[in-house]
>>> print(open('input-v1.cif').read())   # mmCIF, C-alpha atoms and all ligand atoms
data_work
#
loop_
_atom_site.label_atom_id
_atom_site.label_comp_id
_atom_site.auth_asym_id
_atom_site.auth_seq_id
_atom_site.Cartn_x
_atom_site.Cartn_y
_atom_site.Cartn_z
CA MET A 1 0.00 0.00 0.00
CA LYS A 2 1.33 3.48 -0.92
CA THR A 3 1.78 5.73 2.12
CA VAL A 4 0.33 9.21 1.78
CA SER A 5 -0.08 12.05 4.26
CA LEU A 6 -3.56 12.68 5.68
CA GLU A 7 -3.61 16.01 3.84
CA GLN A 8 -2.99 14.22 0.56
CA GLU A 9 -5.42 11.45 1.46
CA ILE A 10 -8.28 13.88 1.99
CA ASN A 11 -7.64 16.05 -1.06
CA PRO A 12 -10.59 15.11 -3.30
CA TRP A 13 -8.57 15.73 -6.43
CA GLU A 14 -5.94 13.23 -5.24
CA ALA A 15 -8.73 10.79 -4.33
CA GLN A 16 -10.22 11.04 -7.80
CA ALA A 17 -6.85 10.89 -9.56
CA ALA A 18 -5.74 7.80 -7.57
CA ARG A 19 -8.82 5.84 -8.71
CA PHE A 20 -8.59 7.19 -12.25
CA ASP A 21 -4.92 6.18 -12.58
CA LEU A 22 -5.59 2.70 -11.25
CA ALA A 23 -8.57 2.12 -13.54
CA ALA A 24 -6.80 3.61 -16.59
CA LYS A 25 -3.82 1.34 -15.97
CA LYS A 26 -6.02 -1.75 -15.72
CA LEU A 27 -7.72 -0.69 -18.96
CA ASN A 28 -4.37 -0.21 -20.68
CA LEU A 29 -5.60 3.22 -21.69
CA ASP A 30 -3.26 4.77 -24.22
CA GLU A 31 -1.09 7.58 -22.93
CA GLY A 32 -2.68 10.32 -25.03
CA LEU A 33 -6.23 9.66 -23.85
CA TRP A 34 -4.92 9.27 -20.32
CA LYS A 35 -3.63 12.85 -20.54
CA VAL A 36 -6.89 14.10 -22.08
CA LEU A 37 -9.08 12.57 -19.38
CA ARG A 38 -6.93 13.15 -16.34
CA TYR A 39 -7.44 16.93 -16.40
CA PRO A 40 -10.55 19.07 -16.89
CA ASN A 41 -11.32 20.64 -20.20
CA ARG A 42 -12.06 24.11 -18.87
CA GLU A 43 -11.86 25.87 -15.51
CA VAL A 44 -13.55 29.22 -15.03
CA ILE A 45 -12.89 31.40 -11.98
CA VAL A 46 -15.11 34.40 -11.40
CA HIS A 47 -15.01 37.13 -8.78
CA ILE A 48 -18.56 38.11 -8.03
CA PRO A 49 -19.34 41.57 -6.65
CA VAL A 50 -22.48 41.63 -4.53
CA GLN A 51 -24.18 44.50 -2.78
CA MET A 52 -24.94 43.34 0.75
CA ASP A 53 -28.01 44.34 2.75
CA ASP A 54 -26.07 46.93 4.76
CA GLY A 55 -25.00 48.70 1.57
CA SER A 56 -21.41 47.41 1.58
CA ILE A 57 -19.95 45.51 -1.37
CA GLU A 58 -18.57 41.99 -0.96
CA VAL A 59 -16.67 40.04 -3.60
CA PHE A 60 -17.18 36.25 -3.68
CA THR A 61 -15.04 33.80 -5.63
CA GLY A 62 -16.84 31.25 -7.76
CA PHE A 63 -15.78 28.35 -9.95
CA ARG A 64 -17.21 26.34 -12.79
CA VAL A 65 -15.14 23.43 -13.98
CA GLN A 66 -16.10 21.51 -17.11
CA HIS A 67 -14.23 18.25 -17.09
CA SER A 68 -15.54 16.73 -20.32
CA ILE A 69 -18.10 17.39 -23.05
CA ALA A 70 -17.19 14.29 -25.06
CA ARG A 71 -20.52 12.48 -24.54
CA GLY A 72 -22.79 15.53 -24.39
CA PRO A 73 -23.24 18.84 -22.59
CA ALA A 74 -21.32 19.18 -19.33
CA LYS A 75 -23.55 18.40 -16.33
CA GLY A 76 -23.26 18.86 -12.60
CA GLY A 77 -24.30 20.73 -9.51
CA ILE A 78 -23.23 23.94 -7.82
CA ARG A 79 -22.28 24.07 -4.17
CA TYR A 80 -22.17 27.02 -1.81
CA ALA A 81 -19.80 26.60 1.14
CA PRO A 82 -17.09 28.55 2.97
CA ASP A 83 -14.44 25.91 2.28
CA VAL A 84 -15.02 25.17 -1.43
CA THR A 85 -11.73 24.91 -3.31
CA LEU A 86 -10.84 24.66 -6.98
CA ASP A 87 -9.30 21.21 -6.38
CA GLU A 88 -12.55 20.01 -4.85
CA VAL A 89 -14.65 21.37 -7.73
CA ARG A 90 -12.22 19.78 -10.22
CA ALA A 91 -12.58 16.41 -8.56
CA LEU A 92 -16.35 16.71 -8.40
CA ALA A 93 -16.45 17.71 -12.08
CA SER A 94 -14.54 14.60 -13.12
CA TRP A 95 -16.74 12.47 -10.88
CA MET A 96 -19.72 13.82 -12.84
CA THR A 97 -18.14 12.68 -16.12
CA TRP A 98 -17.66 9.18 -14.72
CA LYS A 99 -21.09 9.16 -13.06
CA CYS A 100 -22.95 10.10 -16.26
CA ALA A 101 -20.97 7.50 -18.19
CA VAL A 102 -21.64 4.74 -15.62
CA VAL A 103 -25.40 5.23 -15.97
CA ASN A 104 -24.94 5.80 -19.69
CA ILE A 105 -26.72 9.14 -20.03
CA PRO A 106 -25.59 11.57 -22.76
CA PHE A 107 -23.75 14.14 -20.63
CA GLY A 108 -20.20 15.09 -19.83
CA GLY A 109 -19.22 16.30 -16.39
CA ALA A 110 -18.99 19.66 -14.63
CA LYS A 111 -19.26 21.18 -11.18
CA GLY A 112 -19.50 24.67 -9.76
CA GLY A 113 -18.93 26.25 -6.40
CA VAL A 114 -18.97 29.62 -4.71
CA ILE A 115 -16.96 30.34 -1.57
CA CYS A 116 -19.56 31.79 0.78
CA ASP A 117 -21.42 30.95 3.96
CA PRO A 118 -25.07 30.75 2.93
CA ARG A 119 -26.21 30.43 6.56
CA LYS A 120 -24.89 33.92 7.22
CA MET A 121 -26.48 35.51 4.15
CA SER A 122 -29.98 36.89 3.72
CA LYS A 123 -32.25 35.60 0.96
CA GLY A 124 -31.71 38.86 -0.96
CA GLU A 125 -27.92 38.55 -0.73
CA LEU A 126 -28.07 34.93 -1.89
CA GLU A 127 -30.27 35.91 -4.81
CA ARG A 128 -27.99 38.75 -5.93
CA MET A 129 -24.91 36.53 -5.62
CA THR A 130 -26.57 33.72 -7.59
CA ARG A 131 -27.73 36.07 -10.34
CA ARG A 132 -24.32 37.72 -10.76
CA TYR A 133 -22.55 34.33 -10.70
CA THR A 134 -24.94 33.14 -13.44
CA ALA A 135 -24.39 36.32 -15.45
CA GLU A 136 -20.60 35.85 -15.23
CA LEU A 137 -21.01 32.32 -16.63
CA VAL A 138 -23.57 33.18 -19.28
CA GLU A 139 -21.44 32.29 -22.28
CA PHE A 140 -20.26 29.02 -20.76
CA ILE A 141 -23.61 27.48 -19.74
CA GLY A 142 -26.73 26.58 -21.72
CA PRO A 143 -28.88 23.54 -22.57
CA GLU A 144 -26.39 22.36 -25.19
CA LYS A 145 -23.24 23.48 -23.36
CA ASP A 146 -23.32 22.97 -19.62
CA VAL A 147 -26.36 22.38 -17.41
CA PRO A 148 -26.00 23.18 -13.67
CA ALA A 149 -28.11 21.65 -10.88
CA PRO A 150 -28.32 21.80 -7.08
CA ASP A 151 -25.60 20.39 -4.85
CA MET A 152 -24.63 21.14 -1.24
CA ASN A 153 -26.47 24.25 0.09
CA THR A 154 -28.20 25.03 -3.19
CA ASN A 155 -31.80 24.17 -3.95
CA GLU A 156 -34.79 24.67 -6.25
CA GLN A 157 -34.94 28.39 -5.46
CA VAL A 158 -31.30 28.90 -6.47
CA MET A 159 -32.03 27.04 -9.73
CA ALA A 160 -35.07 29.27 -10.34
CA TRP A 161 -32.88 32.40 -10.01
CA MET A 162 -30.27 30.90 -12.34
CA MET A 163 -32.89 29.97 -14.92
CA ASP A 164 -34.43 33.43 -14.76
CA THR A 165 -31.10 35.25 -15.03
CA PHE A 166 -29.96 33.17 -17.99
CA SER A 167 -33.36 33.65 -19.65
CA MET A 168 -33.20 37.44 -19.22
CA HIS A 169 -29.83 37.47 -20.99
CA MET A 170 -31.23 35.32 -23.83
CA ARG A 171 -34.44 37.39 -24.03
CA GLN A 172 -36.48 34.18 -23.91
CA THR A 173 -37.35 31.56 -21.31
CA VAL A 174 -34.78 28.77 -21.38
CA THR A 175 -35.94 26.15 -18.90
CA ALA A 176 -33.38 23.50 -19.91
CA VAL A 177 -30.38 25.58 -18.79
CA VAL A 178 -30.54 24.12 -15.26
CA THR A 179 -32.18 21.09 -13.65
CA GLY A 180 -33.56 20.61 -10.15
CA LYS A 181 -35.96 23.52 -10.75
CA PRO A 182 -39.34 24.01 -9.06
CA LEU A 183 -42.15 22.07 -10.75
CA SER A 184 -43.89 25.29 -11.79
CA MET A 185 -41.07 26.28 -14.14
CA GLY A 186 -40.01 23.13 -15.93
CA GLY A 187 -38.91 20.96 -13.01
CA SER A 188 -39.53 17.23 -13.13
CA LYS A 189 -41.75 15.21 -10.86
CA GLY A 190 -39.62 12.88 -8.76
CA ARG A 191 -36.37 14.90 -9.12
CA ARG A 192 -36.28 15.97 -5.48
CA GLU A 193 -36.43 12.40 -4.17
CA ALA A 194 -34.43 10.87 -7.03
CA THR A 195 -30.99 10.58 -5.39
CA GLY A 196 -32.53 8.95 -2.29
CA ARG A 197 -34.71 6.71 -4.44
CA GLY A 198 -31.70 5.68 -6.53
CA ILE A 199 -29.85 4.76 -3.33
CA MET A 200 -32.73 2.58 -2.21
CA ILE A 201 -32.82 0.80 -5.58
CA ILE A 202 -29.07 0.19 -5.35
CA CYS A 203 -29.43 -1.12 -1.77
CA ASP A 204 -32.15 -3.51 -2.98
CA GLU A 205 -29.86 -4.75 -5.74
CA ALA A 206 -26.92 -5.16 -3.34
CA LEU A 207 -29.10 -7.20 -0.95
CA LYS A 208 -30.31 -9.40 -3.78
CA HIS A 209 -26.74 -9.90 -4.94
CA LEU A 210 -25.60 -10.90 -1.45
CA GLY A 211 -28.68 -12.99 -0.60
CA MET A 212 -29.95 -10.69 2.16
CA ASN A 213 -33.42 -9.23 2.82
CA ARG A 214 -34.69 -5.78 3.76
CA GLU A 215 -36.30 -6.65 7.07
CA ASP A 216 -33.09 -8.06 8.58
CA THR A 217 -30.92 -5.24 7.29
CA ARG A 218 -29.92 -2.68 9.91
CA VAL A 219 -29.09 0.61 8.28
CA ILE A 220 -27.10 3.63 9.47
CA ILE A 221 -27.31 6.78 7.38
CA GLN A 222 -24.94 9.71 7.80
CA GLY A 223 -26.68 12.92 6.77
CA PHE A 224 -30.32 14.00 6.80
CA GLY A 225 -30.14 16.54 3.99
CA ASN A 226 -31.92 16.00 0.67
CA VAL A 227 -30.13 12.72 -0.06
CA GLY A 228 -30.04 11.14 3.43
CA SER A 229 -33.56 12.12 4.45
CA ASN A 230 -35.19 10.85 1.25
CA ALA A 231 -33.17 7.63 1.35
CA ALA A 232 -34.14 7.09 5.00
CA HIS A 233 -37.80 7.85 4.33
CA LEU A 234 -38.15 5.60 1.28
CA MET A 235 -36.12 2.77 2.83
CA HIS A 236 -38.14 2.88 6.06
CA GLN A 237 -41.35 2.67 4.02
CA ALA A 238 -39.88 -0.27 2.10
CA GLY A 239 -39.21 -2.24 5.30
CA TYR A 240 -35.52 -1.56 6.06
CA LYS A 241 -34.64 -1.07 9.71
CA VAL A 242 -32.94 2.31 10.05
CA ILE A 243 -31.12 2.25 13.40
CA GLY A 244 -28.95 5.35 13.12
CA ILE A 245 -28.98 8.81 11.56
CA GLY A 246 -25.85 10.95 11.77
CA GLU A 247 -25.93 14.74 11.54
CA VAL A 248 -23.56 17.61 12.26
CA GLY A 249 -23.72 18.30 15.97
CA GLY A 250 -24.96 14.83 16.96
CA GLY A 251 -26.80 11.83 15.63
CA LEU A 252 -29.61 9.50 16.64
CA TYR A 253 -29.42 5.81 17.50
CA ASN A 254 -32.09 3.24 18.29
CA PRO A 255 -31.15 -0.44 17.88
CA ALA A 256 -34.87 -1.32 17.66
CA GLY A 257 -35.25 0.94 14.61
CA ILE A 258 -36.02 4.67 14.38
CA ASP A 259 -39.56 5.67 13.39
CA ILE A 260 -38.45 7.61 10.30
CA GLU A 261 -42.01 8.74 9.56
CA ALA A 262 -42.09 10.51 12.95
CA LEU A 263 -38.56 11.87 12.47
CA TRP A 264 -39.50 13.16 9.01
CA ASP A 265 -42.41 15.11 10.54
CA TYR A 266 -40.22 16.33 13.39
CA ALA A 267 -37.45 17.52 11.05
CA GLY A 268 -40.02 19.20 8.80
CA LYS A 269 -41.35 21.16 11.75
CA HIS A 270 -38.09 21.95 13.61
CA ARG A 271 -35.64 22.13 10.66
CA THR A 272 -33.29 19.81 12.60
CA ILE A 273 -33.25 16.25 13.94
CA HIS A 274 -31.84 17.39 17.28
CA GLY A 275 -34.28 17.00 20.14
CA PHE A 276 -36.20 14.09 18.57
CA ASN A 277 -37.11 11.77 21.41
CA GLY A 278 -37.57 8.45 19.57
CA ALA A 279 -33.87 7.59 19.78
CA GLU A 280 -30.81 8.15 21.95
CA VAL A 281 -28.20 10.73 21.05
CA ARG A 282 -25.01 9.29 19.59
CA ASP A 283 -21.96 11.01 18.20
CA THR A 284 -21.93 10.96 14.40
CA ALA A 285 -18.30 9.79 14.17
CA GLU A 286 -19.28 6.96 16.51
CA LEU A 287 -22.27 6.03 14.32
CA LEU A 288 -19.97 5.42 11.34
CA VAL A 289 -18.27 2.62 13.27
CA THR A 290 -21.38 1.30 15.07
CA ASP A 291 -22.49 -2.25 14.32
CA CYS A 292 -24.91 -2.38 11.34
CA ASP A 293 -25.35 -4.24 8.05
CA LEU A 294 -25.56 -1.31 5.66
CA LEU A 295 -23.86 2.06 6.00
CA ILE A 296 -24.88 5.00 3.82
CA PRO A 297 -22.55 7.99 4.09
CA ALA A 298 -24.74 10.71 2.58
CA ALA A 299 -23.16 13.89 3.92
CA THR A 300 -19.85 15.05 2.55
CA GLU A 301 -16.37 13.98 1.43
CA ASN A 302 -13.71 12.17 3.48
CA GLN A 303 -15.81 10.55 6.17
CA ILE A 304 -14.23 7.11 5.90
CA THR A 305 -10.46 7.48 6.02
CA SER A 306 -7.36 5.61 7.21
CA ARG A 307 -8.33 6.81 10.71
CA ASN A 308 -11.60 4.88 11.04
CA ALA A 309 -11.84 2.39 8.15
CA ASP A 310 -10.49 -0.54 10.19
CA ARG A 311 -13.30 -0.03 12.76
CA ILE A 312 -16.18 -0.03 10.24
CA LYS A 313 -18.59 -2.87 11.05
CA ALA A 314 -20.97 -2.63 8.07
CA LYS A 315 -21.00 -5.42 5.48
CA ILE A 316 -22.19 -3.05 2.76
CA ILE A 317 -21.41 0.61 2.12
CA VAL A 318 -23.57 2.52 -0.37
CA GLU A 319 -22.08 5.96 -1.00
CA GLY A 320 -24.80 8.63 -1.04
CA ALA A 321 -22.29 11.50 -0.90
CA ASN A 322 -19.60 12.22 -3.46
CA GLY A 323 -16.18 11.04 -2.30
CA PRO A 324 -17.03 9.93 1.27
CA THR A 325 -14.31 7.24 1.23
CA THR A 326 -10.63 7.99 0.64
CA ALA A 327 -8.45 5.81 -1.59
CA THR A 328 -6.43 4.63 1.43
CA ALA A 329 -9.64 3.62 3.23
CA ASP A 330 -10.65 1.65 0.11
CA ASP A 331 -7.64 -0.63 0.58
CA ILE A 332 -8.47 -1.21 4.25
CA LEU A 333 -12.14 -1.94 3.46
CA ALA A 334 -11.13 -4.30 0.66
CA ASP A 335 -9.11 -6.35 3.16
CA LYS A 336 -12.20 -6.49 5.37
CA LYS A 337 -14.26 -7.64 2.35
CA VAL A 338 -16.81 -4.84 2.66
CA PHE A 339 -19.12 -4.68 -0.38
CA ILE A 340 -18.88 -1.05 -1.53
CA VAL A 341 -21.20 0.54 -4.06
CA PRO A 342 -19.22 3.62 -5.15
CA ASP A 343 -20.61 7.15 -5.32
CA ILE A 344 -20.47 7.37 -9.11
CA LEU A 345 -23.04 4.58 -9.24
CA ALA A 346 -24.85 4.81 -5.88
CA ASN A 347 -25.84 8.48 -6.01
CA ALA A 348 -26.37 8.70 -9.78
CA GLY A 349 -30.16 8.75 -9.34
CA GLY A 350 -30.07 12.54 -8.98
CA VAL A 351 -28.34 13.27 -12.25
CA THR A 352 -30.40 10.58 -13.99
CA ALA A 353 -33.61 12.38 -13.00
CA SER A 354 -31.90 15.63 -14.06
CA TYR A 355 -31.46 14.03 -17.46
CA PHE A 356 -35.21 13.29 -17.53
CA GLU A 357 -35.90 16.91 -16.55
CA TRP A 358 -33.68 18.23 -19.36
CA VAL A 359 -35.39 15.88 -21.85
CA GLN A 360 -38.88 16.99 -20.68
CA ASP A 361 -37.92 20.68 -20.90
CA ARG A 362 -36.67 20.21 -24.44
CA GLN A 363 -39.75 18.17 -25.38
CA GLY A 364 -42.08 20.62 -23.67
CA TYR A 365 -43.95 17.54 -22.49
CA PHE A 366 -43.98 16.46 -18.86
CA TRP A 367 -44.10 12.92 -17.58
CA LYS A 368 -46.15 11.38 -14.79
CA GLU A 369 -44.17 10.69 -11.61
CA SER A 370 -44.65 6.95 -12.09
CA VAL A 371 -42.94 7.21 -15.49
CA VAL A 372 -39.96 9.10 -13.99
CA ASN A 373 -39.61 6.55 -11.18
CA GLU A 374 -39.95 3.59 -13.51
CA GLN A 375 -37.29 4.90 -15.92
CA LEU A 376 -35.02 5.72 -12.98
CA GLU A 377 -35.39 2.23 -11.57
CA HIS A 378 -34.60 0.69 -14.92
CA ILE A 379 -31.38 2.71 -15.37
CA MET A 380 -30.18 2.15 -11.80
CA ARG A 381 -30.77 -1.61 -11.89
CA GLU A 382 -29.12 -2.01 -15.25
CA SER A 383 -26.10 0.08 -14.17
CA PHE A 384 -25.69 -1.93 -10.97
CA ALA A 385 -25.69 -5.14 -13.00
CA ASP A 386 -23.19 -3.65 -15.48
CA VAL A 387 -20.77 -2.65 -12.72
CA VAL A 388 -21.02 -5.87 -10.75
CA SER A 389 -20.52 -8.08 -13.79
CA TYR A 390 -17.64 -5.88 -14.97
CA ALA A 391 -16.04 -6.29 -11.52
CA GLN A 392 -16.39 -10.06 -11.73
CA ALA A 393 -15.11 -10.27 -15.30
CA HIS A 394 -12.03 -8.15 -14.57
CA ASP A 395 -11.46 -9.31 -11.00
CA VAL A 396 -11.53 -5.79 -9.53
CA ASN A 397 -13.68 -4.17 -6.84
CA ASN A 398 -16.89 -2.32 -7.67
CA ARG A 399 -15.30 1.11 -7.52
CA ILE A 400 -12.53 0.33 -9.96
CA ALA A 401 -15.03 -1.52 -12.16
CA ALA A 402 -17.28 1.57 -12.27
CA TYR A 403 -14.32 3.78 -13.17
CA MET A 404 -13.11 1.34 -15.83
CA LEU A 405 -16.55 1.08 -17.38
CA ALA A 406 -16.93 4.87 -17.38
CA ILE A 407 -13.43 5.65 -18.66
CA ASP A 408 -13.82 3.05 -21.38
CA ARG A 409 -17.11 4.62 -22.56
CA VAL A 410 -15.74 8.18 -22.57
CA ALA A 411 -12.44 7.15 -24.17
CA SER A 412 -14.12 5.24 -26.99
CA THR A 413 -16.30 8.27 -27.78
CA ILE A 414 -13.22 10.49 -27.93
CA ARG A 415 -11.43 7.94 -30.14
CA GLN A 416 -14.37 7.98 -32.56
CA ARG A 417 -14.78 11.75 -32.53
CA GLY A 418 -11.03 12.27 -32.88
CA ILE A 419 -9.01 15.21 -31.61
CA TYR A 420 -9.98 18.48 -33.25
CA ALA A 421 -7.04 20.46 -34.53
N1 LIG B 501 -25.23 17.45 -7.51
C1 LIG B 501 -25.75 16.18 -7.90
C2 LIG B 501 -24.62 15.18 -8.09
O1 LIG B 501 -23.56 15.33 -7.55
C3 LIG B 501 -26.68 16.27 -9.09
C4 LIG B 501 -26.07 16.76 -10.34
C5 LIG B 501 -27.08 16.99 -11.46
O2 LIG B 501 -28.25 16.68 -11.30
O3 LIG B 501 -26.65 17.53 -12.48
O4 LIG B 501 -24.79 14.16 -8.71
#
>>> encode(input="input-v1.cif", output="structure tokens")
Amino acid sequence: MKTVSLEQEINPWEAQAARFDLAAKKLNLDEGLWKVLRYPNREVIVHIPVQMDDGSIEVFTGFRVQHSIARGPAKGGIRYAPDVTLDEVRALASWMTWKCAVVNIPFGGAKGGVICDPRKMSKGELERMTRRYTAELVEFIGPEKDVPAPDMNTNEQVMAWMMDTFSMHMRQTVTAVVTGKPLSMGGSKGRREATGRGIMIICDEALKHLGMNREDTRVIIQGFGNVGSNAAHLMHQAGYKVIGIGEVGGGLYNPAGIDIEALWDYAGKHRTIHGFNGAEVRDTAELLVTDCDLLIPAATENQITSRNADRIKAKIIVEGANGPTTATADDILADKKVFIVPDILANAGGVTASYFEWVQDRQGYFWKESVVNEQLEHIMRESFADVVSYAQAHDVNNRIAAYMLAIDRVASTIRQRGIYA
């Protein structure tokens, strides 16, 4: 095993590059394409002036990285956080390329981020920042170029402002420029729940593959944001036993199973899970290493590292977040024979429903929710089967199989298109 410093281990770009290099090597990818795919196609940095509520002017730094447009328009979310870095956005942009290729939808990969603390900003400040960020990117985004979506700390409202700003510049309404919009302006039914639903479908497939059943599967989920809460809710309804929910500032644990329906109502009312009395309080870091069958890290990057991987008890890990496991932790978990469903497959339900939204916007014809869910289920099941059989055929783990499958698909498109000179 290669030794790396913790700082290197938790750099998402390094995490992405380590997996990419390994998969590319196993694929015998030729050196030229290796160079093309290892780095993003385009990186835009913008400095966004915003008038704050008190009349002062603040300048925020924003990024949009387009990793690849080989298979279609670049696609990926935008995150707002105080600690966003270009390296992180780069890694997330390449993950989007691999994710879209794993589920075989016609998009490349991109990601955006703005360094800001949305909790400390008013709605008006957030709106002005979002609109100016969109205006700065106006020539780089568009339904055929690059289609943003929500990610950490961005939501349907932020997408509505982006859509409106872009449309004002174009002098016409362009719904397909972003996905994850409100239903009233070209959003898709089922998009909000899609990442959580996709995770449940993947968990079902993993159980089937390993000969387990829902009722005997004890689940711990880290995160109760859009992804974690919807996964918990749907899985509880489907009969899984959710025994732990981790959140910043403290988690919940009940070995008899948490009543997620009651927690869902509580969180809806109080905007937090803290104070819910149907479970005991347990530290979130502790929950990651608590005994369970299925662990779903659905919060943020670098949660399973060389520091805690050897203490993980779960038999299955389904990655709801992007990059929750470091490359070093992968090696430790492989020795422990943990069945990992990697992020680029496990959480691809969100971007898959985004694809449906983009298609519906361009068709001007909107599908019933049952159609969205049915199509989503079909793509997720098929992609799980593709990855697992690829892993068996090439004798690699699921993560490397997913990367190999994705890199192979993107590389063969580039080979056919050729390099423009
Ligand atoms: N931010 C989500 C992701 O990481 C969704 C991206 C999208 O829908 O374009 O997959």
>>> closest_residue(input="input-v1.cif", among="A:Ala421, A:Asp204, A:Gln51, A:Arg415", to="Leu29 in chain A", atoms="only C-alpha atoms")
A:Arg415
>>> closest_residue(input="input-v1.cif", among="A:Gln222, A:Ser370, A:Ser354, A:Asn308", to="ligand LIG 501 (chain B)", atoms="all atoms listed in the file")
A:Ser354
>>> residues_near_point(input="input-v1.cif", point="(-14.0, 20.9, -15.5)", cutoff="8 Å", atoms="only C-alpha atoms", output="PyMOL selection string")
chain A and resi 39-43+64-68+89-90+93-94+109-111
>>> write_last_selection(input="input-v1.cif", atoms="C-alpha atoms", output="compact mmCIF listing (two decimals), in the frame of the given file")
# COMPACT_ATOMS: atom_id res chain seq x y z
CA TYR A 39 -7.44 16.93 -16.40
CA PRO A 40 -10.55 19.07 -16.89
CA ASN A 41 -11.32 20.64 -20.20
CA ARG A 42 -12.06 24.11 -18.87
CA GLU A 43 -11.86 25.87 -15.51
CA ARG A 64 -17.21 26.34 -12.79
CA VAL A 65 -15.14 23.43 -13.98
CA GLN A 66 -16.10 21.51 -17.11
CA HIS A 67 -14.23 18.25 -17.09
CA SER A 68 -15.54 16.73 -20.32
CA VAL A 89 -14.65 21.37 -7.73
CA ARG A 90 -12.22 19.78 -10.22
CA ALA A 93 -16.45 17.71 -12.08
CA SER A 94 -14.54 14.60 -13.12
CA GLY A 109 -19.22 16.30 -16.39
CA ALA A 110 -18.99 19.66 -14.63
CA LYS A 111 -19.26 21.18 -11.18
>>> residues_around(input="input-v1.cif", residues="Gly113 in chain A", least_positions_apart="5", cutoff="10 Å", atoms="all atoms listed in the file", output="PyMOL selection string")
chain A and resi 45+61-65+77-86+88-89+133+151-152+154
>>> atom_distance(input="input-v1.cif", atom1="CA of Lys313 in chain A", atom2="CA of Asp291 in chain A")
5.1 Å
>>> residues_around(input="input-v1.cif", residues="range 315-328 of chain A", least_positions_apart="3", cutoff="6 Å", atoms="only C-alpha atoms", output="list in words")
Ala15, Asp293, Leu294, Leu295, Ile296, Pro297, Ala298, Ala299, Thr300, Glu301, Asn302, Gln303, Ile304, Thr305, Ser306, Asp331, Val338, Phe339, Ile340, Val341, Pro342, Asp343, Ala346 and Asn347 of chain A
>>> build_atoms(input="input-v1.cif", residues="range 123-127 of chain A", atoms="all heavy atoms", output="PDB file, keeping the file's coordinate frame")
ATOM      1  N   LYS A 123     -31.732  36.127   2.219  1.00  0.00           N
ATOM      2  CA  LYS A 123     -32.250  35.600   0.960  1.00  0.00           C
ATOM      3  C   LYS A 123     -31.899  36.556  -0.197  1.00  0.00           C
ATOM      4  O   LYS A 123     -31.515  36.127  -1.283  1.00  0.00           O
ATOM      5  CB  LYS A 123     -33.762  35.420   1.087  1.00  0.00           C
ATOM      6  CG  LYS A 123     -34.341  34.608  -0.031  1.00  0.00           C
ATOM      7  CD  LYS A 123     -35.779  34.195   0.223  1.00  0.00           C
ATOM      8  CE  LYS A 123     -36.266  33.424  -1.005  1.00  0.00           C
ATOM      9  NZ  LYS A 123     -37.711  33.265  -1.039  1.00  0.00           N
ATOM     10  N   GLY A 124     -32.005  37.856   0.077  1.00  0.00           N
ATOM     11  CA  GLY A 124     -31.710  38.860  -0.960  1.00  0.00           C
ATOM     12  C   GLY A 124     -30.240  38.788  -1.382  1.00  0.00           C
ATOM     13  O   GLY A 124     -29.919  38.861  -2.572  1.00  0.00           O
ATOM     14  N   GLU A 125     -29.355  38.633  -0.416  1.00  0.00           N
ATOM     15  CA  GLU A 125     -27.920  38.550  -0.730  1.00  0.00           C
ATOM     16  C   GLU A 125     -27.630  37.286  -1.550  1.00  0.00           C
ATOM     17  O   GLU A 125     -26.869  37.326  -2.516  1.00  0.00           O
ATOM     18  CB  GLU A 125     -27.100  38.559   0.571  1.00  0.00           C
ATOM     19  CG  GLU A 125     -27.092  39.923   1.248  1.00  0.00           C
ATOM     20  CD  GLU A 125     -26.561  39.909   2.685  1.00  0.00           C
ATOM     21  OE1 GLU A 125     -26.446  38.821   3.295  1.00  0.00           O
ATOM     22  OE2 GLU A 125     -26.276  41.009   3.200  1.00  0.00           O
ATOM     23  N   LEU A 126     -28.265  36.183  -1.152  1.00  0.00           N
ATOM     24  CA  LEU A 126     -28.070  34.930  -1.890  1.00  0.00           C
ATOM     25  C   LEU A 126     -28.579  35.066  -3.333  1.00  0.00           C
ATOM     26  O   LEU A 126     -27.946  34.581  -4.275  1.00  0.00           O
ATOM     27  CB  LEU A 126     -28.836  33.791  -1.217  1.00  0.00           C
ATOM     28  CG  LEU A 126     -28.112  33.025  -0.128  1.00  0.00           C
ATOM     29  CD1 LEU A 126     -29.063  32.020   0.506  1.00  0.00           C
ATOM     30  CD2 LEU A 126     -26.878  32.304  -0.680  1.00  0.00           C
ATOM     31  N   GLU A 127     -29.714  35.739  -3.471  1.00  0.00           N
ATOM     32  CA  GLU A 127     -30.270  35.910  -4.810  1.00  0.00           C
ATOM     33  C   GLU A 127     -29.342  36.765  -5.674  1.00  0.00           C
ATOM     34  O   GLU A 127     -29.034  36.401  -6.811  1.00  0.00           O
ATOM     35  CB  GLU A 127     -31.667  36.549  -4.747  1.00  0.00           C
ATOM     36  CG  GLU A 127     -32.206  36.849  -6.139  1.00  0.00           C
ATOM     37  CD  GLU A 127     -33.648  37.318  -6.187  1.00  0.00           C
ATOM     38  OE1 GLU A 127     -34.321  37.337  -5.150  1.00  0.00           O
ATOM     39  OE2 GLU A 127     -34.087  37.670  -7.302  1.00  0.00           O
TER      40      GLU A 127
END
